Amino acid sequence: MGERVASAGAVLDEVDAAIVRLRRARPSELINVGPLLFALSADPDWALEACELLIKEPRRPTAAGVGMLLSETLGSEPEAVRTLLASLAASTDPNLRFLAADHISRLRWFGDSNAPEPDLAVSLAADDEPAVILAMLLTAHRVSDHDADLARRVVLAVPNLSNPQIAEDACMVLSDGLLMSSEEWQAVFVRLLLCPEVEYWYEHALAERANAAPRQVLDHVIARIKHSPEDYQYRALPLDGFDRTC
């Protein structure tokens with residue numbers, strides 16, 4: 001076991017050093033460690049040891065690959081992966097919670113009726129770290145065709161839609177045709193009031209909802225107009241007006 005840890009540590013040290021050199025030489029390029037770590041993950045013992053090392057140092061460049069390593073090892077070592085996942089999801093460090101969210105968004109667990117990932121997706125959607133929330137909304141979008149109830153639960157778990165990107169991604173999921181009650185739609189509309197602008201998916205979700213409940217959408221639009229009349233950075237309506245073709 002000691003030799004395996006040393007081996008994993010040595011490899012990760014070399015990869016981290018190479019990434020640092022590449023970033024200095026090409027600062028504008030995105031460096032993806034995923035393909036290399038994917039190749040190494042063929043050995044599940046090595047992958048788990050690497051995860052344990054990187055979880056202790058989540059700001060290392062190679063730590064970005066933990067979610068992928070967990071997903072690739074899930075089939076052969078489910079109990080070990082779920083133990084690490086539970087600790088990541090419950091961490092007070094947002095960097096570690098994001099690693100859990102990254103694994104969940106890859107959907108390697110999908111189809112396992114006993115998987116803890118769906119409930120973790122809902123709980124992490126209520127996070128206060130935007131990157132974690134966005135990963136859970138990506139998960140909701142990816143599963144919406146096959147598990148619309150999970151997608152609905154994830155969207156409703158997001159407590160704050162004042163961040164324009166989070167609002168857009170939530171509305172993208174809503175545009176997948178989720179079945180929600182009038183009360184659930186209203187809860188989302190109340191949170192969307194805090195979003196300072198109406199972009200494509202926000203407008204699209206309003207148009208979709210207007211087909212079933214035009215009065216509810218009209219009330220929301222009026223509420224936006226009245227929300228912050230003195231805030232010149234708050235755009236109550238789309239910049240070019242509503243698109244009738246949505």
# chains A, B, ... in the order shown; residues from 1 in each chain; ligands from 1
>>> residues_around(residues="range 92-104 of chain A", least_positions_apart="4", cutoff="9 Å", atoms="only C-alpha atoms", output="PyMOL selection string")
chain A and resi 55+58-59+63-71+84-88+108-109+117-118+120-121+124+127-129+131-133+135-136+139
>>> closest_residue(among="A:Glu77, A:Asp112, A:Asp16, A:Glu197", to="Asn32 in chain A", atoms="only C-alpha atoms")
A:Asp16
>>> select_by_dssp(residues="range 2-236 of chain A", states="helix (DSSP H, G or I)", output="number ranges by chain")
A: 2-25, 34-40, 44-56, 61-73, 78-89, 94-105, 117-125, 130-143, 148-157, 164-174, 182-192, 200-210, 214-227
>>> write_last_selection(atoms="C-alpha atoms", output="compact mmCIF listing (two decimals), in the first residue's frame")
# COMPACT_ATOMS: atom_id res chain seq x y z
CA GLY A 2 2.83 2.39 0.89
CA GLU A 3 4.51 1.85 -2.48
CA ARG A 4 1.23 2.51 -4.28
CA VAL A 5 0.70 5.80 -2.44
CA ALA A 6 4.25 6.86 -3.24
CA SER A 7 3.72 5.92 -6.87
CA ALA A 8 0.50 7.92 -7.11
CA GLY A 9 2.07 10.85 -5.32
CA ALA A 10 5.13 10.84 -7.57
CA VAL A 11 3.06 10.77 -10.74
CA LEU A 12 0.78 13.56 -9.53
CA ASP A 13 3.79 15.66 -8.53
CA GLU A 14 5.22 15.30 -12.04
CA VAL A 15 1.90 16.18 -13.69
CA ASP A 16 1.41 19.20 -11.42
CA ALA A 17 4.89 20.45 -12.23
CA ALA A 18 4.26 20.02 -15.96
CA ILE A 19 0.97 21.95 -15.69
CA VAL A 20 2.71 24.81 -13.91
CA ARG A 21 5.32 24.98 -16.69
CA LEU A 22 2.65 24.90 -19.38
CA ARG A 23 0.68 27.67 -17.71
CA ARG A 24 3.77 29.85 -17.62
CA ALA A 25 4.51 29.18 -21.28
CA GLY A 34 -8.63 14.67 -17.73
CA PRO A 35 -7.32 12.46 -20.58
CA LEU A 36 -4.10 11.63 -18.70
CA LEU A 37 -5.86 10.85 -15.43
CA PHE A 38 -8.47 8.87 -17.36
CA ALA A 39 -5.74 6.60 -18.71
CA LEU A 40 -4.30 6.13 -15.23
CA PRO A 44 -8.81 1.43 -9.58
CA ASP A 45 -6.43 1.11 -6.62
CA TRP A 46 -4.18 3.79 -8.10
CA ALA A 47 -7.18 5.99 -8.85
CA LEU A 48 -8.51 5.77 -5.28
CA GLU A 49 -5.10 6.51 -3.81
CA ALA A 50 -4.77 9.49 -6.13
CA CYS A 51 -8.19 10.74 -5.06
CA GLU A 52 -7.27 10.48 -1.39
CA LEU A 53 -4.07 12.44 -1.98
CA LEU A 54 -5.75 15.14 -4.06
CA ILE A 55 -8.68 15.54 -1.67
CA LYS A 56 -6.16 16.53 1.00
CA PRO A 61 -3.79 21.48 -10.52
CA THR A 62 -4.46 17.74 -10.80
CA ALA A 63 -7.23 17.95 -8.17
CA ALA A 64 -9.53 19.05 -10.99
CA GLY A 65 -9.57 15.42 -12.10
CA VAL A 66 -10.96 13.95 -8.85
CA GLY A 67 -14.56 13.92 -10.09
CA MET A 68 -13.53 12.05 -13.21
CA LEU A 69 -11.43 9.57 -11.21
CA LEU A 70 -14.35 8.86 -8.88
CA SER A 71 -16.71 8.31 -11.79
CA GLU A 72 -14.32 6.00 -13.62
CA THR A 73 -13.73 3.94 -10.46
CA PRO A 78 -18.57 1.57 -5.48
CA GLU A 79 -18.32 1.48 -1.68
CA ALA A 80 -14.95 3.22 -1.58
CA VAL A 81 -16.11 5.84 -4.07
CA ARG A 82 -19.34 6.54 -2.15
CA THR A 83 -17.39 6.90 1.11
CA LEU A 84 -15.15 9.55 -0.45
CA LEU A 85 -18.14 11.18 -2.14
CA ALA A 86 -20.08 11.53 1.12
CA SER A 87 -17.13 13.24 2.81
CA LEU A 88 -16.64 15.59 -0.14
CA ALA A 89 -20.31 16.58 -0.29
CA PRO A 94 -16.35 24.63 -1.44
CA ASN A 95 -13.49 23.26 -3.52
CA LEU A 96 -14.17 19.79 -2.13
CA ARG A 97 -17.92 20.10 -2.55
CA PHE A 98 -17.31 20.99 -6.19
CA LEU A 99 -15.34 17.78 -6.66
CA ALA A 100 -18.40 15.86 -5.46
CA ALA A 101 -20.62 17.90 -7.76
CA ASP A 102 -18.31 17.21 -10.71
CA HIS A 103 -18.61 13.47 -10.17
CA ILE A 104 -22.40 13.67 -9.87
CA SER A 105 -22.70 15.68 -13.09
CA GLU A 117 -26.11 10.74 -5.96
CA PRO A 118 -29.68 11.95 -6.71
CA ASP A 119 -30.27 13.06 -3.11
CA LEU A 120 -26.79 14.58 -2.98
CA ALA A 121 -27.59 16.50 -6.18
CA VAL A 122 -30.62 18.05 -4.51
CA SER A 123 -28.74 18.96 -1.34
CA LEU A 124 -25.80 20.41 -3.28
CA ALA A 125 -28.18 22.48 -5.42
CA PRO A 130 -22.04 29.14 -7.63
CA ALA A 131 -19.80 26.53 -9.25
CA VAL A 132 -21.43 23.77 -7.20
CA ILE A 133 -24.95 24.96 -8.05
CA LEU A 134 -24.13 25.22 -11.75
CA ALA A 135 -22.81 21.66 -11.76
CA MET A 136 -26.07 20.45 -10.20
CA LEU A 137 -28.16 22.37 -12.74
CA LEU A 138 -26.07 20.76 -15.48
CA THR A 139 -26.93 17.41 -13.89
CA ALA A 140 -30.62 18.34 -13.88
CA HIS A 141 -30.49 19.25 -17.56
CA ARG A 142 -28.74 16.01 -18.46
CA VAL A 143 -31.25 13.79 -16.62
CA ALA A 148 -37.87 14.78 -14.80
CA ASP A 149 -38.72 14.53 -11.12
CA LEU A 150 -35.05 14.74 -10.11
CA ALA A 151 -34.55 17.69 -12.46
CA ARG A 152 -37.54 19.42 -10.87
CA ARG A 153 -36.26 18.76 -7.35
CA VAL A 154 -32.84 20.18 -8.21
CA VAL A 155 -34.27 23.41 -9.66
CA LEU A 156 -36.58 23.92 -6.70
CA ALA A 157 -33.69 23.35 -4.28
CA PRO A 164 -27.63 35.66 -13.90
CA GLN A 165 -25.77 32.49 -14.95
CA ILE A 166 -27.50 30.39 -12.31
CA ALA A 167 -30.86 31.88 -13.32
CA GLU A 168 -30.15 31.11 -16.99
CA ASP A 169 -29.19 27.52 -16.29
CA ALA A 170 -32.21 26.99 -14.04
CA CYS A 171 -34.47 28.36 -16.76
CA MET A 172 -32.80 26.10 -19.32
CA VAL A 173 -33.84 23.13 -17.19
CA LEU A 174 -37.35 24.55 -16.80
CA SER A 182 -48.54 26.50 -10.02
CA GLU A 183 -47.14 26.93 -6.50
CA GLU A 184 -43.74 25.56 -7.55
CA TRP A 185 -43.63 27.87 -10.56
CA GLN A 186 -44.51 30.78 -8.31
CA ALA A 187 -41.68 29.91 -5.92
CA VAL A 188 -39.25 30.01 -8.87
CA PHE A 189 -40.70 33.29 -10.16
CA VAL A 190 -40.22 34.92 -6.74
CA ARG A 191 -36.55 33.91 -6.77
CA LEU A 192 -36.14 35.08 -10.38
CA TYR A 200 -32.42 33.84 -23.54
CA TRP A 201 -33.40 30.88 -21.33
CA TYR A 202 -35.20 33.07 -18.81
CA GLU A 203 -37.32 34.49 -21.63
CA HIS A 204 -37.81 31.02 -23.10
CA ALA A 205 -39.03 29.63 -19.76
CA LEU A 206 -41.52 32.50 -19.46
CA ALA A 207 -42.82 31.76 -22.95
CA GLU A 208 -43.15 28.06 -22.17
CA ARG A 209 -45.06 28.76 -18.95
CA ALA A 210 -47.28 31.33 -20.69
CA PRO A 214 -50.48 33.35 -19.14
CA ARG A 215 -51.80 35.28 -16.15
CA GLN A 216 -49.07 33.96 -13.87
CA VAL A 217 -46.40 35.03 -16.35
CA LEU A 218 -48.01 38.46 -16.81
CA ASP A 219 -48.05 38.93 -13.04
CA HIS A 220 -44.37 38.02 -12.91
CA VAL A 221 -43.46 40.48 -15.66
CA ILE A 222 -45.39 43.26 -13.89
CA ALA A 223 -43.65 42.34 -10.64
CA ARG A 224 -40.28 42.69 -12.39
CA ILE A 225 -41.22 46.11 -13.73
CA LYS A 226 -42.14 47.25 -10.22
CA HIS A 227 -39.28 45.51 -8.44
>>> atom_distance(atom1="CA of Pro116 in chain A", atom2="CA of Gly75 in chain A")
14.3 Å
